[in-house]
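Undergrad: mmCIF, C-alpha atoms, pLDDT in the B column; chains and numbers go by the auth columns, file query21.cif:
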data_target
loop_
_atom_site.group_PDB
_atom_site.id
_atom_site.type_symbol
_atom_site.label_atom_id
_atom_site.label_comp_id
_atom_site.label_asym_id
_atom_site.label_seq_id
_atom_site.Cartn_x
_atom_site.Cartn_y
_atom_site.Cartn_z
_atom_site.B_iso_or_equiv
_atom_site.auth_seq_id
_atom_site.auth_asym_id
ATOM 1 C CA MET A 1 80.862 25.649 -44.531 62.00 226 A
ATOM 2 C CA GLN A 2 78.028 23.433 -45.669 49.00 227 A
ATOM 3 C CA THR A 3 75.577 20.858 -44.411 43.00 228 A
ATOM 4 C CA SER A 4 74.671 17.406 -45.601 41.00 229 A
ATOM 5 C CA CYS A 5 71.000 18.301 -45.794 39.00 230 A
ATOM 6 C CA VAL A 6 69.599 21.606 -47.005 34.00 231 A
ATOM 7 C CA LEU A 7 71.728 23.876 -44.803 36.00 232 A
ATOM 8 C CA THR A 8 74.848 25.523 -46.147 34.00 233 A
ATOM 9 C CA ILE A 9 77.352 27.770 -44.395 37.00 234 A
ATOM 10 C CA GLY A 10 79.318 29.974 -46.735 34.00 235 A
ATOM 11 C CA MET A 11 76.514 30.201 -49.296 29.00 236 A
ATOM 12 C CA ALA A 12 73.481 32.479 -49.375 30.00 237 A
ATOM 13 C CA LEU A 13 70.499 30.444 -48.212 31.00 238 A
ATOM 14 C CA CYS A 14 68.075 32.787 -46.582 35.00 239 A
ATOM 15 C CA ALA A 15 68.338 36.432 -47.481 34.00 240 A
ATOM 16 C CA CYS A 16 65.867 39.211 -47.645 37.00 241 A
ATOM 17 C CA ALA A 17 65.422 42.781 -46.626 36.00 242 A
ATOM 18 C CA LEU A 18 63.913 42.756 -43.157 37.00 243 A
ATOM 19 C CA PRO A 19 62.395 45.647 -41.227 39.00 244 A
ATOM 20 C CA ALA A 20 64.245 46.983 -38.227 40.00 245 A
ATOM 21 C CA LEU A 21 63.390 45.224 -35.023 45.00 246 A
ATOM 22 C CA GLY A 22 61.558 47.009 -32.259 44.00 247 A
ATOM 23 C CA SER A 23 61.698 46.442 -28.536 45.00 248 A
ATOM 24 C CA GLY A 24 60.269 42.933 -28.715 49.00 249 A
ATOM 25 C CA PRO A 25 59.534 39.976 -30.948 50.00 250 A
ATOM 26 C CA CYS A 26 56.440 41.561 -32.464 45.00 251 A
ATOM 27 C CA ASP A 27 57.105 44.109 -35.200 49.00 252 A
ATOM 28 C CA SER A 28 53.495 45.219 -35.564 40.00 253 A
ATOM 29 C CA GLY A 29 53.136 47.273 -32.399 42.00 254 A
ATOM 30 C CA CYS A 30 52.249 44.560 -29.909 45.00 255 A
ATOM 31 C CA ALA A 31 54.000 44.401 -26.528 47.00 256 A
ATOM 32 C CA PRO A 32 57.007 42.086 -26.250 53.00 257 A
ATOM 33 C CA VAL A 33 56.738 38.911 -24.241 54.00 258 A
ATOM 34 C CA ARG A 34 58.314 39.335 -20.798 53.00 259 A
ATOM 35 C CA PRO A 35 59.810 36.221 -19.250 47.00 260 A
ATOM 36 C CA THR A 36 59.171 35.799 -15.544 59.00 261 A
ATOM 37 C CA ILE A 37 62.694 34.517 -14.913 73.00 262 A
ATOM 38 C CA ALA A 38 66.047 35.470 -16.388 77.00 263 A
ATOM 39 C CA PRO A 39 66.514 33.574 -19.669 80.00 264 A
ATOM 40 C CA ALA A 40 69.334 31.063 -19.780 77.00 265 A
ATOM 41 C CA LEU A 41 70.320 29.001 -22.790 82.00 266 A
ATOM 42 C CA GLU A 42 72.994 26.315 -22.770 90.00 267 A
ATOM 43 C CA TYR A 43 74.699 24.703 -25.736 92.00 268 A
ATOM 44 C CA GLU A 44 77.456 22.315 -26.681 93.00 269 A
ATOM 45 C CA LEU A 45 79.091 21.620 -30.013 93.00 270 A
ATOM 46 C CA LEU A 46 79.134 17.946 -31.090 94.00 271 A
ATOM 47 C CA ILE A 47 81.190 16.126 -33.729 92.00 272 A
ATOM 48 C CA PRO A 48 80.671 12.548 -34.977 91.00 273 A
ATOM 49 C CA THR A 49 83.116 9.881 -33.794 90.00 274 A
ATOM 50 C CA GLU A 50 83.217 6.084 -33.802 89.00 275 A
ATOM 51 C CA ARG A 51 81.705 6.235 -30.321 88.00 276 A
ATOM 52 C CA GLY A 52 78.913 8.544 -31.359 90.00 277 A
ATOM 53 C CA LEU A 53 78.561 12.290 -30.883 91.00 278 A
ATOM 54 C CA MET A 54 81.393 13.841 -28.861 93.00 279 A
ATOM 55 C CA PRO A 55 81.389 17.361 -27.358 93.00 280 A
ATOM 56 C CA VAL A 56 84.308 19.559 -28.394 91.00 281 A
ATOM 57 C CA SER A 57 85.418 23.126 -27.870 89.00 282 A
ATOM 58 C CA PRO A 58 84.261 25.718 -30.400 86.00 283 A
ATOM 59 C CA ASP A 59 87.818 27.042 -30.110 87.00 284 A
ATOM 60 C CA ARG A 60 89.282 24.119 -32.041 86.00 285 A
ATOM 61 C CA VAL A 61 90.421 24.536 -35.647 88.00 286 A
ATOM 62 C CA PHE A 62 88.229 22.648 -38.127 88.00 287 A
ATOM 63 C CA ARG A 63 89.193 21.120 -41.465 86.00 288 A
ATOM 64 C CA THR A 64 87.348 20.983 -44.749 85.00 289 A
ATOM 65 C CA GLY A 65 84.738 18.231 -44.700 85.00 290 A
ATOM 66 C CA GLU A 66 84.293 18.174 -40.935 88.00 291 A
ATOM 67 C CA ARG A 67 80.758 18.438 -39.653 90.00 292 A
ATOM 68 C CA PHE A 68 79.023 19.189 -36.367 93.00 293 A
ATOM 69 C CA ARG A 69 75.697 19.604 -34.627 94.00 294 A
ATOM 70 C CA LEU A 70 74.564 21.764 -31.705 95.00 295 A
ATOM 71 C CA ARG A 71 72.894 20.471 -28.555 94.00 296 A
ATOM 72 C CA VAL A 72 70.813 23.189 -26.904 94.00 297 A
ATOM 73 C CA ARG A 73 68.680 23.521 -23.784 93.00 298 A
ATOM 74 C CA ALA A 74 66.818 26.491 -22.262 89.00 299 A
ATOM 75 C CA ASN A 75 65.438 27.227 -18.814 88.00 300 A
ATOM 76 C CA GLN A 76 62.157 28.508 -20.223 88.00 301 A
ATOM 77 C CA PRO A 77 60.125 28.014 -23.403 93.00 302 A
ATOM 78 C CA GLY A 78 61.077 29.947 -26.501 93.00 303 A
ATOM 79 C CA SER A 79 62.288 29.914 -30.083 93.00 304 A
ATOM 80 C CA VAL A 80 65.854 29.063 -31.082 93.00 305 A
ATOM 81 C CA TYR A 81 67.521 30.353 -34.235 92.00 306 A
ATOM 82 C CA VAL A 82 70.974 29.706 -35.697 93.00 307 A
ATOM 83 C CA ILE A 83 72.353 32.444 -37.956 92.00 308 A
ATOM 84 C CA LEU A 84 75.676 32.401 -39.792 88.00 309 A
ATOM 85 C CA ARG A 85 77.867 35.354 -40.545 87.00 310 A
ATOM 86 C CA GLY A 86 80.306 33.832 -43.015 80.00 311 A
ATOM 87 C CA SER A 87 83.910 34.687 -43.794 72.00 312 A
ATOM 88 C CA GLU A 88 82.734 36.956 -46.640 76.00 313 A
ATOM 89 C CA GLY A 89 80.152 38.743 -44.477 79.00 314 A
ATOM 90 C CA GLU A 90 77.009 36.928 -45.633 81.00 315 A
ATOM 91 C CA ARG A 91 74.273 36.459 -43.011 88.00 316 A
ATOM 92 C CA ASN A 92 72.163 33.323 -43.445 86.00 317 A
ATOM 93 C CA VAL A 93 69.547 31.645 -41.278 88.00 318 A
ATOM 94 C CA LEU A 94 70.684 28.030 -40.855 88.00 319 A
ATOM 95 C CA PHE A 95 68.032 26.922 -38.383 90.00 320 A
ATOM 96 C CA PRO A 96 65.154 26.554 -38.749 88.00 321 A
ATOM 97 C CA PRO A 97 65.782 25.432 -42.335 83.00 322 A
ATOM 98 C CA PRO A 98 63.619 26.614 -45.224 79.00 323 A
ATOM 99 C CA GLY A 99 60.693 24.457 -46.244 73.00 324 A
ATOM 100 C CA VAL A 100 59.767 23.180 -42.779 72.00 325 A
ATOM 101 C CA PRO A 101 57.149 24.396 -40.270 66.00 326 A
ATOM 102 C CA ILE A 102 58.648 27.306 -38.366 61.00 327 A
ATOM 103 C CA ALA A 103 57.479 25.824 -35.039 78.00 328 A
ATOM 104 C CA VAL A 104 60.202 23.187 -35.387 85.00 329 A
ATOM 105 C CA ASN A 105 62.527 25.605 -33.574 90.00 330 A
ATOM 106 C CA TRP A 106 60.333 25.899 -30.463 92.00 331 A
ATOM 107 C CA LEU A 107 61.831 24.564 -27.199 93.00 332 A
ATOM 108 C CA GLU A 108 59.884 23.788 -24.073 93.00 333 A
ATOM 109 C CA ARG A 109 61.398 24.613 -20.709 92.00 334 A
ATOM 110 C CA GLY A 110 64.270 22.205 -20.008 92.00 335 A
ATOM 111 C CA GLU A 111 63.895 20.444 -23.358 93.00 336 A
ATOM 112 C CA GLU A 112 67.149 19.240 -24.902 94.00 337 A
ATOM 113 C CA ARG A 113 67.494 19.315 -28.689 94.00 338 A
ATOM 114 C CA VAL A 114 70.244 18.503 -31.168 94.00 339 A
ATOM 115 C CA LEU A 115 70.303 20.825 -34.184 93.00 340 A
ATOM 116 C CA PRO A 116 69.810 20.355 -37.041 90.00 341 A
ATOM 117 C CA ASP A 117 67.256 17.624 -36.411 85.00 342 A
ATOM 118 C CA ASP A 118 68.180 15.918 -39.666 84.00 343 A
ATOM 119 C CA GLY A 119 71.635 16.425 -41.146 87.00 344 A
ATOM 120 C CA TRP A 120 74.717 18.387 -40.124 90.00 345 A
ATOM 121 C CA PHE A 121 76.401 21.740 -40.245 89.00 346 A
ATOM 122 C CA GLY A 122 79.614 21.247 -42.196 85.00 347 A
ATOM 123 C CA PHE A 123 82.678 23.002 -43.594 82.00 348 A
ATOM 124 C CA ASP A 124 83.208 23.511 -47.302 77.00 349 A
ATOM 125 C CA ALA A 125 86.539 23.957 -49.123 77.00 350 A
ATOM 126 C CA ALA A 126 86.956 27.677 -48.358 79.00 351 A
ATOM 127 C CA PRO A 127 88.992 28.316 -45.166 82.00 352 A
ATOM 128 C CA GLY A 128 88.293 31.320 -42.981 83.00 353 A
ATOM 129 C CA VAL A 129 86.657 32.536 -39.781 87.00 354 A
ATOM 130 C CA GLU A 130 82.884 32.188 -39.505 87.00 355 A
ATOM 131 C CA ASP A 131 80.608 33.395 -36.710 91.00 356 A
ATOM 132 C CA LEU A 132 77.663 31.247 -35.708 92.00 357 A
ATOM 133 C CA PHE A 133 75.028 33.110 -33.676 94.00 358 A
ATOM 134 C CA LEU A 134 72.686 31.103 -31.450 93.00 359 A
ATOM 135 C CA PHE A 135 69.605 33.178 -30.612 94.00 360 A
ATOM 136 C CA TRP A 136 66.913 32.434 -28.034 93.00 361 A
ATOM 137 C CA ALA A 137 63.676 34.457 -28.046 93.00 362 A
ATOM 138 C CA ALA A 138 60.678 34.237 -25.727 92.00 363 A
ATOM 139 C CA ASP A 139 58.435 34.330 -28.776 91.00 364 A
ATOM 140 C CA SER A 140 58.955 33.846 -32.499 88.00 365 A
ATOM 141 C CA VAL A 141 60.813 36.592 -34.370 89.00 366 A
ATOM 142 C CA PRO A 142 58.778 37.489 -37.480 86.00 367 A
ATOM 143 C CA ALA A 143 61.717 39.156 -39.242 85.00 368 A
ATOM 144 C CA ILE A 144 63.712 35.910 -39.159 86.00 369 A
ATOM 145 C CA GLU A 145 60.707 33.787 -40.048 83.00 370 A
ATOM 146 C CA ARG A 146 60.105 35.850 -43.176 81.00 371 A
ATOM 147 C CA SER A 147 63.661 35.206 -44.301 81.00 372 A
ATOM 148 C CA VAL A 148 63.228 31.459 -43.747 79.00 373 A
ATOM 149 C CA ALA A 149 60.083 31.538 -45.868 75.00 374 A
ATOM 150 C CA ASN A 150 62.082 33.101 -48.696 69.00 375 A
ATOM 151 C CA PRO A 151 65.309 31.035 -48.983 61.00 376 A
ATOM 152 C CA THR A 152 66.543 32.986 -52.008 53.00 377 A
ATOM 153 C CA CYS A 153 67.051 36.152 -49.965 58.00 378 A
ATOM 154 C CA GLU A 154 69.897 37.189 -47.643 75.00 379 A
ATOM 155 C CA LEU A 155 69.256 38.505 -44.142 81.00 380 A
ATOM 156 C CA ALA A 156 69.730 42.241 -44.579 81.00 381 A
ATOM 157 C CA PRO A 157 72.638 43.803 -42.634 84.00 382 A
ATOM 158 C CA GLY A 158 70.393 46.371 -40.945 86.00 383 A
ATOM 159 C CA ALA A 159 67.941 43.746 -39.724 88.00 384 A
ATOM 160 C CA PHE A 160 70.733 41.487 -38.489 91.00 385 A
ATOM 161 C CA HIS A 161 72.444 44.288 -36.566 92.00 386 A
ATOM 162 C CA ALA A 162 69.134 45.364 -35.018 92.00 387 A
ATOM 163 C CA LEU A 163 68.521 41.789 -33.919 93.00 388 A
ATOM 164 C CA LEU A 164 72.027 41.520 -32.481 93.00 389 A
ATOM 165 C CA ALA A 165 71.686 44.844 -30.650 94.00 390 A
ATOM 166 C CA ALA A 166 68.424 43.764 -29.031 93.00 391 A
ATOM 167 C CA ALA A 167 69.861 40.397 -27.987 92.00 392 A
ATOM 168 C CA THR A 168 72.855 41.983 -26.249 91.00 393 A
ATOM 169 C CA ASP A 169 70.774 44.661 -24.497 91.00 394 A
ATOM 170 C CA TYR A 170 69.760 43.342 -21.074 85.00 395 A
ATOM 171 C CA ARG A 171 66.913 45.835 -20.966 86.00 396 A
ATOM 172 C CA GLN A 172 65.360 43.535 -23.586 87.00 397 A
ATOM 173 C CA PRO A 173 64.871 40.268 -21.637 87.00 398 A
ATOM 174 C CA TRP A 174 62.867 38.633 -24.432 89.00 399 A
ATOM 175 C CA ILE A 175 65.949 37.756 -26.491 91.00 400 A
ATOM 176 C CA ARG A 176 69.510 36.541 -25.902 90.00 401 A
ATOM 177 C CA VAL A 177 72.413 35.533 -28.154 91.00 402 A
ATOM 178 C CA GLU A 178 75.707 33.677 -27.999 89.00 403 A
ATOM 179 C CA ARG A 179 78.387 33.829 -30.698 90.00 404 A
ATOM 180 C CA LEU A 180 80.547 30.848 -31.646 90.00 405 A
ATOM 181 C CA ARG A 181 83.622 31.906 -33.633 90.00 406 A
ATOM 182 C CA LEU A 182 84.657 28.920 -35.736 90.00 407 A
ATOM 183 C CA MET A 183 88.111 28.641 -37.322 88.00 408 A
ATOM 184 C CA HIS A 184 88.334 26.719 -40.597 84.00 409 A
ATOM 185 C CA ALA A 185 91.878 25.931 -41.733 83.00 410 A
ATOM 186 C CA GLY A 186 91.049 24.067 -44.942 73.00 411 A
ATOM 187 C CA LEU A 187 92.719 20.797 -45.910 65.00 412 A
ATOM 188 C CA ASP A 188 96.422 21.395 -45.416 52.00 413 A
ATOM 189 C CA ARG A 189 96.636 22.115 -41.716 45.00 414 A
ATOM 190 C CA GLU A 190 96.465 19.581 -38.905 45.00 415 A
ATOM 191 C CA LEU A 191 93.807 19.906 -36.258 43.00 416 A
ATOM 192 C CA CYS A 192 94.572 21.727 -33.054 39.00 417 A
ATOM 193 C CA PRO A 193 93.815 19.872 -29.805 38.00 418 A
ATOM 194 C CA ALA A 194 90.094 19.680 -29.157 40.00 419 A
ATOM 195 C CA PRO A 195 89.425 19.256 -25.438 37.00 420 A
ATOM 196 C CA ALA A 196 86.056 18.004 -24.286 38.00 421 A
ATOM 197 C CA HIS A 197 83.687 20.928 -23.973 38.00 422 A
ATOM 198 C CA ARG A 198 80.611 20.601 -21.818 39.00 423 A
ATOM 199 C CA TRP A 199 77.542 22.781 -21.571 37.00 424 A
ATOM 200 C CA ARG A 200 78.395 26.450 -21.957 42.00 425 A
ATOM 201 C CA PRO A 201 75.753 28.845 -20.592 42.00 426 A
ATOM 202 C CA VAL A 202 74.616 31.923 -22.428 42.00 427 A
ATOM 203 C CA ASN A 203 74.570 34.755 -19.916 39.00 428 A
#
If you convert what's in this file into structure tokens, what do you get?

TA:
Amino acid sequence: MQTSCVLTIGMALCACALPALGSGPCDSGCAPVRPTIAPALEYELLIPTERGLMPVSPDRVFRTGERFRLRVRANQPGSVYVILRGSEGERNVLFPPPGVPIAVNWLERGEERVLPDDGWFGFDAAPGVEDLFLFWAADSVPAIERSVANPTCELAPGAFHALLAAATDYRQPWIRVERLRLMHAGLDRELCPAPAHRWRPVN
């Protein structure tokens, strides 16, 4: 998978050895931010059509050359990250992209954003199954930000798994995650039906 700007799925963009995550977004001993309400993040997957952006189900089968964006919205302020685990196991930060101010991924409460802000996520010529992880955090996550600052490094497996474990542990209310499993059939297979797919909440 690839993008028409600087983002590429299926290639190593942001990779580096990251320290294990602690119990919150700060990895230097400070206390994690505690939201006052249960975090809730909503998203929808959008593809370009003649009528503009159209929401579709992440369960559809994509073809080589297709592209998409993500519309996201949260019920409280926080940082949003998009991380790819590709068909060959690589783990790359796709959003925020390298070379831009990290604060570009900050969402205010109720703010609606389409990601990436400039460009698309897209599929390259290699078919397979790719997992796209949409993270929300009450504060910035330094481990991810360091990988964005060094786009020649891959997100280390240990750091990624620690991040994923924290995001799926409801004793850690500062971070949440949703996984989109995307099927890429290449060029030779027709598309499966793609029903309209509205906002899907992240529990």

Undergrad: Going by the chain IDs and residue numbers used in this file, which residues fall under the PyMOL selection byres ((chain A and resi 406) around 6)? Write them as a VMD selection string.

TA: chain A and resid 355 to 356 405 407

Undergrad: Between atom CA of Met408 of chain A and atom CA of Ala362 of chain A, measure the distance and give it in Å to one decimal.

TA: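 These two atoms are separated by 26.8 Å.
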
Undergrad: Separation of atom CA of Glu315 of chain A and atom CA of Tyr268 of chain A, in Å?

TA: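 Separation between atom CA of Glu315 of chain A and atom CA of Tyr268 of chain A: 23.5 Å.
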
Undergrad: Could you tell me which residues the PyMOL selection byres ((chain A and resi 391) around 8) returns for this structure, as a PDB file with C-alpha atoms, keeping the file's coordinate frame?

TA:
ATOM      1  CA  LEU A 246      63.390  45.224 -35.023  1.00 45.00           C
ATOM      2  CA  SER A 248      61.698  46.442 -28.536  1.00 45.00           C
ATOM      3  CA  ALA A 387      69.134  45.364 -35.018  1.00 92.00           C
ATOM      4  CA  LEU A 388      68.521  41.789 -33.919  1.00 93.00           C
ATOM      5  CA  LEU A 389      72.027  41.520 -32.481  1.00 93.00           C
ATOM      6  CA  ALA A 390      71.686  44.844 -30.650  1.00 94.00           C
ATOM      7  CA  ALA A 392      69.861  40.397 -27.987  1.00 92.00           C
ATOM      8  CA  THR A 393      72.855  41.983 -26.249  1.00 91.00           C
ATOM      9  CA  ASP A 394      70.774  44.661 -24.497  1.00 91.00           C
ATOM     10  CA  GLN A 397      65.360  43.535 -23.586  1.00 87.00           C
ATOM     11  CA  ILE A 400      65.949  37.756 -26.491  1.00 91.00           C
ATOM     12  CA  ARG A 401      69.510  36.541 -25.902  1.00 90.00           C
TER      13      ARG A 401
END

Undergrad: State, in Å with one decimal place, the distance from atom CA of Ala384 of chain A to atom CA of Asp284 of chain A.

TA: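 Interatomic distance here is 27.7 Å.
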
Undergrad: Take the PyMOL selection byres ((chain A and resi 309) around 9), run it mentally on this structure, and tell me the resulting residues as a short mmCIF file (atom, residue, chain, number, x, y, z; two decimals) with C-alpha atoms, keeping the file's coordinate frame.

TA:
data_model
loop_
_atom_site.label_atom_id
_atom_site.label_comp_id
_atom_site.auth_asym_id
_atom_site.auth_seq_id
_atom_site.Cartn_x
_atom_site.Cartn_y
_atom_site.Cartn_z
CA ILE A 234 77.35 27.77 -44.40
CA GLY A 235 79.32 29.97 -46.74
CA VAL A 307 70.97 29.71 -35.70
CA ILE A 308 72.35 32.44 -37.96
CA ARG A 310 77.87 35.35 -40.54
CA GLY A 311 80.31 33.83 -43.02
CA GLU A 315 77.01 36.93 -45.63
CA ARG A 316 74.27 36.46 -43.01
CA ASN A 317 72.16 33.32 -43.44
CA VAL A 318 69.55 31.64 -41.28
CA LEU A 319 70.68 28.03 -40.85
CA GLU A 355 82.88 32.19 -39.51
CA ASP A 356 80.61 33.40 -36.71
CA LEU A 357 77.66 31.25 -35.71
CA PHE A 358 75.03 33.11 -33.68
CA LEU A 359 72.69 31.10 -31.45
#

Undergrad: Find the residue from A:Val354, A:Pro367, A:Gly383, A:Asp349 that sits nearest to Arg285 of chain A; use all atoms listed in the file when measuring.

TA: A:Val354

Undergrad: Do you know which residues are at most 8 Å from segment 334-336 of chain A counting only C-alpha atoms, after dropping those on the same chain fewer than 4 positions away, and could you put them as a ChimeraX atom specification?

TA: /A:298-303

Undergrad: Between A:Gly290, A:Pro283, A:Pro322, A:Pro264, which is the closest to Ser372 of chain A once you count only C-alpha atoms?

TA: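 Residue with the minimum atom-to-atom distance to Ser372 of chain A: A:Pro322.
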
Undergrad: Using only C-alpha atoms, which of the listed residues (A:Phe385, A:Trp361, A:Tyr306, A:Phe287) sits closest to Pro341 of chain A?

TA: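 Closest residue, counting only C-alpha atoms: A:Tyr306.
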
Undergrad: Taking all atoms listed in the file into account, which of A:Glu269, A:Glu370, A:Glu275, A:Glu313 comes nearest Leu340 of chain A?

TA: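 Closest residue, counting all atoms listed in the file: A:Glu269.
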
Undergrad: Between A:Val402, A:Pro382, A:Val373, A:Ile272, single out the one closest to Gly347 of chain A, counting all atoms listed in the file.

TA: A:Ile272
